[in-house]
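Here is the structure we will look at.
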Amino acid sequence: MHERAMGEKSVIEAIRDAMREEMRRDERVVVLGEDVGARGGVFLATQGFVEEFGEGRVIDTPLAEASIAGIALGAALKGLRPIAEIQFADFAWPAFNQLLGEAARACYGSNGQVRVPLVVRIPYGGGIRGGLYHSQNVEAYFFHTPGVKVVAPATPYDAKGLLKAAIRDDNPVIFLEHKKTYRLVRGYVPDEEYVVPIGKADVKHRGSQITLVSYGLVLHYCLQAARTVAQDGISVEVVDLRTLRPLDRETLFDSVRKTGKVLIVHEDNLTGGVGAEIAALLAEEVFEYLDAPILRLCGPDVPTMPFAPTLEDAYMPTTEKIVGALRRLAAY
Amino acid sequence: MKVTVELPQVGESVVEGIIARWLKQPGETVRQYESLAEVVTDKVTMELPSPVSGTVLRFLVEEGAKVSVGTPILEIEAREGEDIAAAPLPPSAFVGQLMEDVRPVGPTGGGPVEEAAEVAAPMERGIEASELSILGETPQPTKPGQPWYSPAVRRLAREHGIDLRQISGTGIGGRVTKEDVLAFLSRMGARDEEERIPASPIRRLIAENMIRSAREIPQAWAMVEADVTGLVRYRERIKEEFQKREGVRLTYLPFVLQAVIEALKEHPLLNARWEEGTIVVRRRLHIGVAVATENGLVVPVIRDADRLSLAGLARAVQELTERARQNRLTLDDVRGGTFTVNNTGALGVVLSRPIVPPDQAGILTMEAITRRLVVPDGDEPSLGAPLTLAVRFMMNLCLSFDHRILDGAEAAAFLRAVKHRLETIAP
């Protein structure tokens, strides 16, 4: 059993704390979504909220993602600061028109006169035996779209600080929470008030030979892999993107100028993913510092997460797959 | 290591299941992914795969029991090396730790899924390339055998002006990596871009002699031109017969040696040494002949050279030169010279300024024989006489001498004597 240290929280606790603190600080902040009220959310992100803040600010909605997003957008336009919960990323599709077709364009289309202070929390990701409809990665769709910010934290500290920053942001933020990190990852979260700025990556492990870029759950596998290959004398720098859009270009460029080799790891499908954009950026901006081809270790291009445990395991980036890729890159 | 198997999340919205039938009994061995039990839920009937390979220890629930998700149902003694807790944890408090005792919450997710057995074991055995099919083939520099340089390597080479062919690569297929270039640069930087070669013993001996000469001897220098057309023609005429008769090749060197020996007899101050205010004139003539070898310049000595005929000198030169080039000279071979001749002409040089060897009064060089347009002696234009020009074989003779022992007049007289003898050889 793990002994819980002082100030240690799980990711889901950090998210819950961030929302509770912001709702206490600013009464315009409301939450809405399926089962967020009496049930406290299927992952218990809003546990105890309806008791503290009442049904006026903690709103159970029908099972209809388009309406959740549309109601949240309308509330934001009318001066509230809603936090909408999409229960699973796999069910976000009906909400796309409201989020990408409307919310993302409001500020631009009104020449800055209209702001949409909207946060959409979206639990996503596989490795949890969720099968075809409870495991998907959806970040690339949002990542492609100007007008939204896309945040994908990996740790309790970053999750809390970034969610507070998202709630205080005046325009739409897609807040992606990897389901498997909810209770799997525990770490220190200070009691003091803090905010992690959107758009800043974080070097989670310093190294000199290979830049390992990742985010979300697999960031932790990357850290394990970096420590494993360190025993062979391979020095890996792990960059946690934390925010996918806008990308923190300078942190990436600085790291690659130092190392010359890059491995990008994400669970989302390979083609057209976040890694593709990073590879293109690096080729454009720091080509003359590259000492090896830019490699991507990503989920394969299959339509969704397979149900069979063996196939799901084959799909997921794992520590040992990352170790293998790092060794090959080091040998190049 | 004992592994407790719990009823896993077997489907969306499934919270409990019935253990319909055990497919393995206590004591039986089970492989990873082999079915342990048949589980019936309100939606599906499925077989429960084992998370590890090992031996079934005991059941924690009875067959037919209805249990909720996450309930421990049986124990397995995992095979050695299947330590499911072996995965290392991140140390940083801010990064957080991956938990092992997490209960699923909600419809799915929030907890780990028997990942440990899948993580720990493959880590031990390393990774086969084929397991990383997502990455395709290992990146390979194009065209094996041809050097291929990455953008980073080419940029470093350009910035530091390096010829990359100097660097041996440690990457795949001998590729020169960025690290190779940086290591090369740091090696070079430590030496100020210079190479340091320890001098061989013979190099150090030459250096000591040259320093001694340069420090102790005030050296003066003079040169004459000799018309050796007659010598060239004479040698051409007799060299084949000479070789047949004497068994050695006839070069110009014995002719010059002979002329020098005779001139030294007339000008003995050139065959002297300076010794603390005294000029020591040697009566015997031991002529050093400078020979270039792979290891450096050596100067073997022809003893009592004045007693040798032209053929004798030719033979002595050939023998000493051969031994010098075979590195077989003895100390006696190189000691005791009284004057030195250096055939710099063999190197194609037409003018040189040699250093007088220690304990000698002079050194003479015979420079390359060249065809030149000259006004021959005796054809000086006098009043009304026509100017004639001729193509002649000319050789420069250079002399460095110890100005303590003699002056320019004596040196010039010696040079003229050598020149006269060479110029009067009849074709």
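Chain lettering (A, B, ...) mirrors the order of the structure tokens, residue numbering begins at 1 for each chain separately, and ligand numbering begins at 1 in order of display.
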
DSSP on the backbone: what in range 33-66 of chain A comes out alpha helix (DSSP H), as a PyMOL selection string?
chain A and resi 49-53+65-66

Show me, as a ChimeraX atom specification, the residues that have an atom within 6 Å of range 53-58 of chain A when counting only C-alpha atoms, minus same-chain residues fewer than 6 positions from it.
/A:30-32,37

Residues within 10 Å of range 291-294 of chain B, please, as a ChimeraX atom specification. Count only C-alpha atoms; anything in the same chain fewer than 3 positions from it doesn't count.
/B:288,297-300,317,320-322,324-327,341-344,347

Per-residue nearest contacts of chain A to chain B (6 Å; only C-alpha atoms) as a tab-separated table:
```
residue	atom	partner	partner_atom	distance
A:Val42	CA	B:Gly106	CA	4.6
A:Phe43	CA	B:Gly106	CA	5.1
A:Ile128	CA	B:Gly109	CA	5.1
A:Gly130	CA	B:Thr108	CA	5.9
A:Thr155	CA	B:Val95	CA	5.4
A:Lys179	CA	B:Gly110	CA	5.3
A:Lys180	CA	B:Gly110	CA	4.8
A:Tyr182	CA	B:Gly110	CA	5.1
A:Arg183	CA	B:Gly110	CA	5.3
A:Leu184	CA	B:Met99	CA	4.7
A:Val185	CA	B:Leu98	CA	4.6
A:Arg186	CA	B:Gly96	CA	4.7
A:Gly187	CA	B:Gly96	CA	3.5
A:Tyr188	CA	B:Phe94	CA	5.1
A:Glu288	CA	B:Pro151	CA	4.6
A:Tyr289	CA	B:Ala152	CA	4.2
A:Leu290	CA	B:Ala152	CA	4.9
A:Asp291	CA	B:Ala152	CA	5.1
A:Glu320	CA	B:Met123	CA	5.6
A:Gly324	CA	B:Ile127	CA	5.4
A:Ala331	CA	B:Gly171	CA	5.7
A:Tyr332	CA	B:Ile172	CA	4.9
```

Could you name the residues that touch Ala263 in chain B at 7 Å or less, counting only C-alpha atoms, but leaving out those on the same chain fewer than 3 positions away, as a list in words?
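Here the answer would be Ala259, Val260, Glu266, His267, Phe414, Ala417 and Val418 of chain B.
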
For the selection just defined, write its residues with all heavy atoms to a file, as a PDB file, in the first residue's frame.
```pdb
ATOM      1  N   ALA B 259      86.555  17.409 -56.718  1.00  0.00           N
ATOM      2  CA  ALA B 259      86.924  18.815 -56.851  1.00  0.00           C
ATOM      3  C   ALA B 259      87.080  19.459 -55.478  1.00  0.00           C
ATOM      4  O   ALA B 259      88.008  20.249 -55.239  1.00  0.00           O
ATOM      5  CB  ALA B 259      85.865  19.554 -57.666  1.00  0.00           C
ATOM      6  N   VAL B 260      86.164  19.114 -54.540  1.00  0.00           N
ATOM      7  CA  VAL B 260      86.230  19.682 -53.189  1.00  0.00           C
ATOM      8  C   VAL B 260      87.512  19.239 -52.485  1.00  0.00           C
ATOM      9  O   VAL B 260      88.199  20.030 -51.829  1.00  0.00           O
ATOM     10  CB  VAL B 260      84.977  19.280 -52.388  1.00  0.00           C
ATOM     11  CG1 VAL B 260      85.171  19.512 -50.899  1.00  0.00           C
ATOM     12  CG2 VAL B 260      83.748  20.019 -52.895  1.00  0.00           C
ATOM     13  N   GLU B 266      94.271  22.822 -51.233  1.00  0.00           N
ATOM     14  CA  GLU B 266      94.840  24.147 -51.504  1.00  0.00           C
ATOM     15  C   GLU B 266      94.413  25.165 -50.449  1.00  0.00           C
ATOM     16  O   GLU B 266      95.095  26.157 -50.231  1.00  0.00           O
ATOM     17  CB  GLU B 266      94.378  24.637 -52.887  1.00  0.00           C
ATOM     18  CG  GLU B 266      94.968  23.854 -54.041  1.00  0.00           C
ATOM     19  CD  GLU B 266      94.303  24.196 -55.376  1.00  0.00           C
ATOM     20  OE1 GLU B 266      93.605  25.237 -55.440  1.00  0.00           O
ATOM     21  OE2 GLU B 266      94.452  23.411 -56.322  1.00  0.00           O
ATOM     22  N   HIS B 267      93.270  24.917 -49.832  1.00  0.00           N
ATOM     23  CA  HIS B 267      92.743  25.887 -48.863  1.00  0.00           C
ATOM     24  C   HIS B 267      92.446  25.174 -47.552  1.00  0.00           C
ATOM     25  O   HIS B 267      91.294  24.948 -47.185  1.00  0.00           O
ATOM     26  CB  HIS B 267      91.479  26.559 -49.407  1.00  0.00           C
ATOM     27  CG  HIS B 267      91.704  27.243 -50.729  1.00  0.00           C
ATOM     28  ND1 HIS B 267      92.244  28.522 -50.844  1.00  0.00           N
ATOM     29  CD2 HIS B 267      91.507  26.817 -51.996  1.00  0.00           C
ATOM     30  CE1 HIS B 267      92.340  28.854 -52.120  1.00  0.00           C
ATOM     31  NE2 HIS B 267      91.910  27.823 -52.847  1.00  0.00           N
ATOM     32  N   PHE B 414      88.339  29.322 -52.292  1.00  0.00           N
ATOM     33  CA  PHE B 414      88.023  27.890 -52.238  1.00  0.00           C
ATOM     34  C   PHE B 414      86.931  27.556 -53.247  1.00  0.00           C
ATOM     35  O   PHE B 414      87.027  26.592 -54.008  1.00  0.00           O
ATOM     36  CB  PHE B 414      87.590  27.526 -50.815  1.00  0.00           C
ATOM     37  CG  PHE B 414      86.961  26.169 -50.687  1.00  0.00           C
ATOM     38  CD1 PHE B 414      87.742  24.994 -50.701  1.00  0.00           C
ATOM     39  CD2 PHE B 414      85.577  26.028 -50.565  1.00  0.00           C
ATOM     40  CE1 PHE B 414      87.154  23.756 -50.594  1.00  0.00           C
ATOM     41  CE2 PHE B 414      84.982  24.781 -50.455  1.00  0.00           C
ATOM     42  CZ  PHE B 414      85.774  23.632 -50.468  1.00  0.00           C
ATOM     43  N   ALA B 417      88.169  27.527 -56.700  1.00  0.00           N
ATOM     44  CA  ALA B 417      88.978  26.332 -56.961  1.00  0.00           C
ATOM     45  C   ALA B 417      88.080  25.146 -57.299  1.00  0.00           C
ATOM     46  O   ALA B 417      88.362  24.373 -58.231  1.00  0.00           O
ATOM     47  CB  ALA B 417      89.851  26.016 -55.744  1.00  0.00           C
ATOM     48  N   VAL B 418      87.002  25.003 -56.573  1.00  0.00           N
ATOM     49  CA  VAL B 418      86.077  23.900 -56.858  1.00  0.00           C
ATOM     50  C   VAL B 418      85.477  24.101 -58.244  1.00  0.00           C
ATOM     51  O   VAL B 418      85.416  23.189 -59.079  1.00  0.00           O
ATOM     52  CB  VAL B 418      84.960  23.817 -55.795  1.00  0.00           C
ATOM     53  CG1 VAL B 418      83.966  22.704 -56.142  1.00  0.00           C
ATOM     54  CG2 VAL B 418      85.541  23.580 -54.410  1.00  0.00           C
TER      55      VAL B 418
END
```

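Picture a line from CA of Arg79 in chain B to CA of Ser53 in chain B; it runs 5.9 Å.
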
Contacts of Thr304 in chain A at 8 Å (only C-alpha atoms; same-chain gap of 3+ positions) as a list of chain:residue names
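After dropping sequence-adjacent residues, the list is A:Leu132, A:Tyr133, A:Ser135, A:Gln136.
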
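Every protein or nucleic acid residue with an atom no more than 7 Å from Arg335 in chain B, counting only C-alpha atoms and leaving out same-chain residues fewer than 3 positions away, appears here: B:Val301, B:Leu331, B:Asp332.
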
Written selection (C-alpha atoms) as a JSON list (two decimals), in the first residue's frame:
```
[["chain", "number", "residue", "atom", "x", "y", "z"],
["B", 301, "VAL", "CA", 81.67, 10.15, -43.44],
["B", 331, "LEU", "CA", 78.40, 5.46, -34.86],
["B", 332, "ASP", "CA", 81.90, 5.44, -36.49]]
```

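The shell of residues at most 12 Å from Ile217 in chain B, with only C-alpha atoms counted and near chain neighbours (fewer than 3 positions) removed, consists of Asn209, Met210, Ile211, Arg212, Ser213, Ala214, Ala220, Arg273, Trp274, Glu275, Glu276, Ile355, Val356, Pro357, Pro358, Asp359, Gln360, Ala361, Gly362, Ser400, Phe401, Asp402, His403, Arg404, Ile405 and Leu406 of chain B.
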
Rounded to one decimal in Å, what is the spacing between CA of Pro190 in chain A and CA of Tyr157 in chain A?
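Taking CA of Pro190 in chain A as the start and CA of Tyr157 in chain A as the end point, the length is 7.9 Å.
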
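Reported to one decimal place, the separation of CA of Pro156 in chain A from CA of Glu13 in chain A is 7.8 Å.
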
Sorted per-residue table, range 57-159 of chain A near range 242-247 of chain A, closest atoms and distance, 10 Å, only C-alpha atoms, as JSON lines:
```
{"residue": "A:Glu139", "atom": "CA", "partner": "A:Leu244", "partner_atom": "CA", "distance": 8.3}
{"residue": "A:Ala140", "atom": "CA", "partner": "A:Leu244", "partner_atom": "CA", "distance": 9.2}
{"residue": "A:Phe142", "atom": "CA", "partner": "A:Arg245", "partner_atom": "CA", "distance": 8.5}
{"residue": "A:Phe143", "atom": "CA", "partner": "A:Arg245", "partner_atom": "CA", "distance": 5.9}
{"residue": "A:His144", "atom": "CA", "partner": "A:Arg245", "partner_atom": "CA", "distance": 8.6}
{"residue": "A:Thr145", "atom": "CA", "partner": "A:Arg245", "partner_atom": "CA", "distance": 8.9}
{"residue": "A:Pro146", "atom": "CA", "partner": "A:Arg245", "partner_atom": "CA", "distance": 8.5}
{"residue": "A:Gly147", "atom": "CA", "partner": "A:Arg245", "partner_atom": "CA", "distance": 9.5}
{"residue": "A:Val148", "atom": "CA", "partner": "A:Arg245", "partner_atom": "CA", "distance": 7.6}
{"residue": "A:Lys149", "atom": "CA", "partner": "A:Arg245", "partner_atom": "CA", "distance": 5.2}
{"residue": "A:Val150", "atom": "CA", "partner": "A:Arg245", "partner_atom": "CA", "distance": 4.9}
{"residue": "A:Val151", "atom": "CA", "partner": "A:Thr243", "partner_atom": "CA", "distance": 4.3}
{"residue": "A:Ala152", "atom": "CA", "partner": "A:Arg242", "partner_atom": "CA", "distance": 5.2}
{"residue": "A:Pro153", "atom": "CA", "partner": "A:Arg242", "partner_atom": "CA", "distance": 4.8}
{"residue": "A:Ala154", "atom": "CA", "partner": "A:Arg242", "partner_atom": "CA", "distance": 7.1}
{"residue": "A:Thr155", "atom": "CA", "partner": "A:Arg242", "partner_atom": "CA", "distance": 9.2}
{"residue": "A:Asp158", "atom": "CA", "partner": "A:Arg242", "partner_atom": "CA", "distance": 7.6}
{"residue": "A:Ala159", "atom": "CA", "partner": "A:Arg242", "partner_atom": "CA", "distance": 8.8}
```

Residue nearest Gly233 in chain A among A:Arg20, A:Arg327, A:Lys160, A:Lys321 (counting only C-alpha atoms)
A:Arg327

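Within range 86-206 of chain A, the backbone-based DSSP assignment of strand (DSSP E) covers Val119, Val120, Arg121, Ile122, Pro123, Tyr124, Lys149, Val150, Val151, Val173, Ile174, Phe175, Leu176, Glu177, His178, Val185, Arg186, Gly187, Tyr188, Asp202, Val203, Lys204 and His205 of chain A.
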
Next, the residues of the selection above should be written as a CSV table (one decimal), in the first residue's frame with N, CA and C atoms.
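Written out: selection_39.csv:
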```csv
chain,number,residue,atom,x,y,z
A,119,VAL,N,-15.2,26.5,-20.1
A,119,VAL,CA,-14.3,25.4,-20.0
A,119,VAL,C,-15.1,24.1,-20.3
A,120,VAL,N,-14.5,23.2,-21.1
A,120,VAL,CA,-15.1,22.0,-21.4
A,120,VAL,C,-14.2,20.9,-20.9
A,121,ARG,N,-14.6,20.2,-19.8
A,121,ARG,CA,-13.8,19.1,-19.3
A,121,ARG,C,-14.1,17.9,-20.0
A,122,ILE,N,-13.1,17.2,-20.5
A,122,ILE,CA,-13.3,16.0,-21.3
A,122,ILE,C,-12.4,14.9,-20.8
A,123,PRO,N,-13.0,13.9,-20.0
A,123,PRO,CA,-12.2,12.7,-19.7
A,123,PRO,C,-11.9,11.9,-21.0
A,124,TYR,N,-10.7,11.5,-21.2
A,124,TYR,CA,-10.3,10.8,-22.5
A,124,TYR,C,-9.3,9.7,-22.2
A,149,LYS,N,-8.3,26.8,-26.9
A,149,LYS,CA,-7.1,26.4,-26.3
A,149,LYS,C,-7.3,24.9,-25.9
A,150,VAL,N,-6.2,24.1,-26.0
A,150,VAL,CA,-6.4,22.7,-25.6
A,150,VAL,C,-5.3,22.4,-24.6
A,151,VAL,N,-5.8,21.9,-23.4
A,151,VAL,CA,-4.9,21.7,-22.3
A,151,VAL,C,-5.0,20.2,-21.9
A,173,VAL,N,-11.7,26.9,-23.5
A,173,VAL,CA,-10.6,26.0,-23.2
A,173,VAL,C,-11.1,24.6,-23.2
A,174,ILE,N,-10.5,23.7,-24.0
A,174,ILE,CA,-10.8,22.3,-23.9
A,174,ILE,C,-9.9,21.7,-22.9
A,175,PHE,N,-10.4,21.1,-21.8
A,175,PHE,CA,-9.6,20.6,-20.8
A,175,PHE,C,-9.7,19.1,-20.8
A,176,LEU,N,-8.6,18.5,-21.2
A,176,LEU,CA,-8.6,17.0,-21.4
A,176,LEU,C,-7.9,16.3,-20.2
A,177,GLU,N,-8.7,15.4,-19.7
A,177,GLU,CA,-8.3,14.7,-18.5
A,177,GLU,C,-8.1,13.2,-18.8
A,178,HIS,N,-6.9,12.7,-18.7
A,178,HIS,CA,-6.8,11.3,-19.0
A,178,HIS,C,-7.4,10.5,-17.9
A,185,VAL,N,-2.3,8.4,-10.7
A,185,VAL,CA,-1.2,9.4,-10.4
A,185,VAL,C,-1.5,10.2,-9.2
A,186,ARG,N,-0.6,10.2,-8.2
A,186,ARG,CA,-0.7,11.0,-7.0
A,186,ARG,C,0.5,11.8,-6.9
A,187,GLY,N,0.4,13.0,-6.5
A,187,GLY,CA,1.6,13.9,-6.3
A,187,GLY,C,1.3,15.1,-5.5
A,188,TYR,N,2.3,15.8,-5.2
A,188,TYR,CA,2.2,17.0,-4.3
A,188,TYR,C,1.4,18.1,-4.9
A,202,ASP,N,6.6,22.1,-19.8
A,202,ASP,CA,7.4,21.9,-18.6
A,202,ASP,C,8.4,20.8,-18.9
A,203,VAL,N,9.7,21.1,-18.6
A,203,VAL,CA,10.7,20.0,-18.7
A,203,VAL,C,10.6,19.2,-17.4
A,204,LYS,N,10.1,18.0,-17.5
A,204,LYS,CA,9.9,17.2,-16.3
A,204,LYS,C,11.2,16.3,-16.0
A,205,HIS,N,12.1,16.2,-16.9
A,205,HIS,CA,13.3,15.4,-16.7
A,205,HIS,C,14.4,16.0,-17.6
```
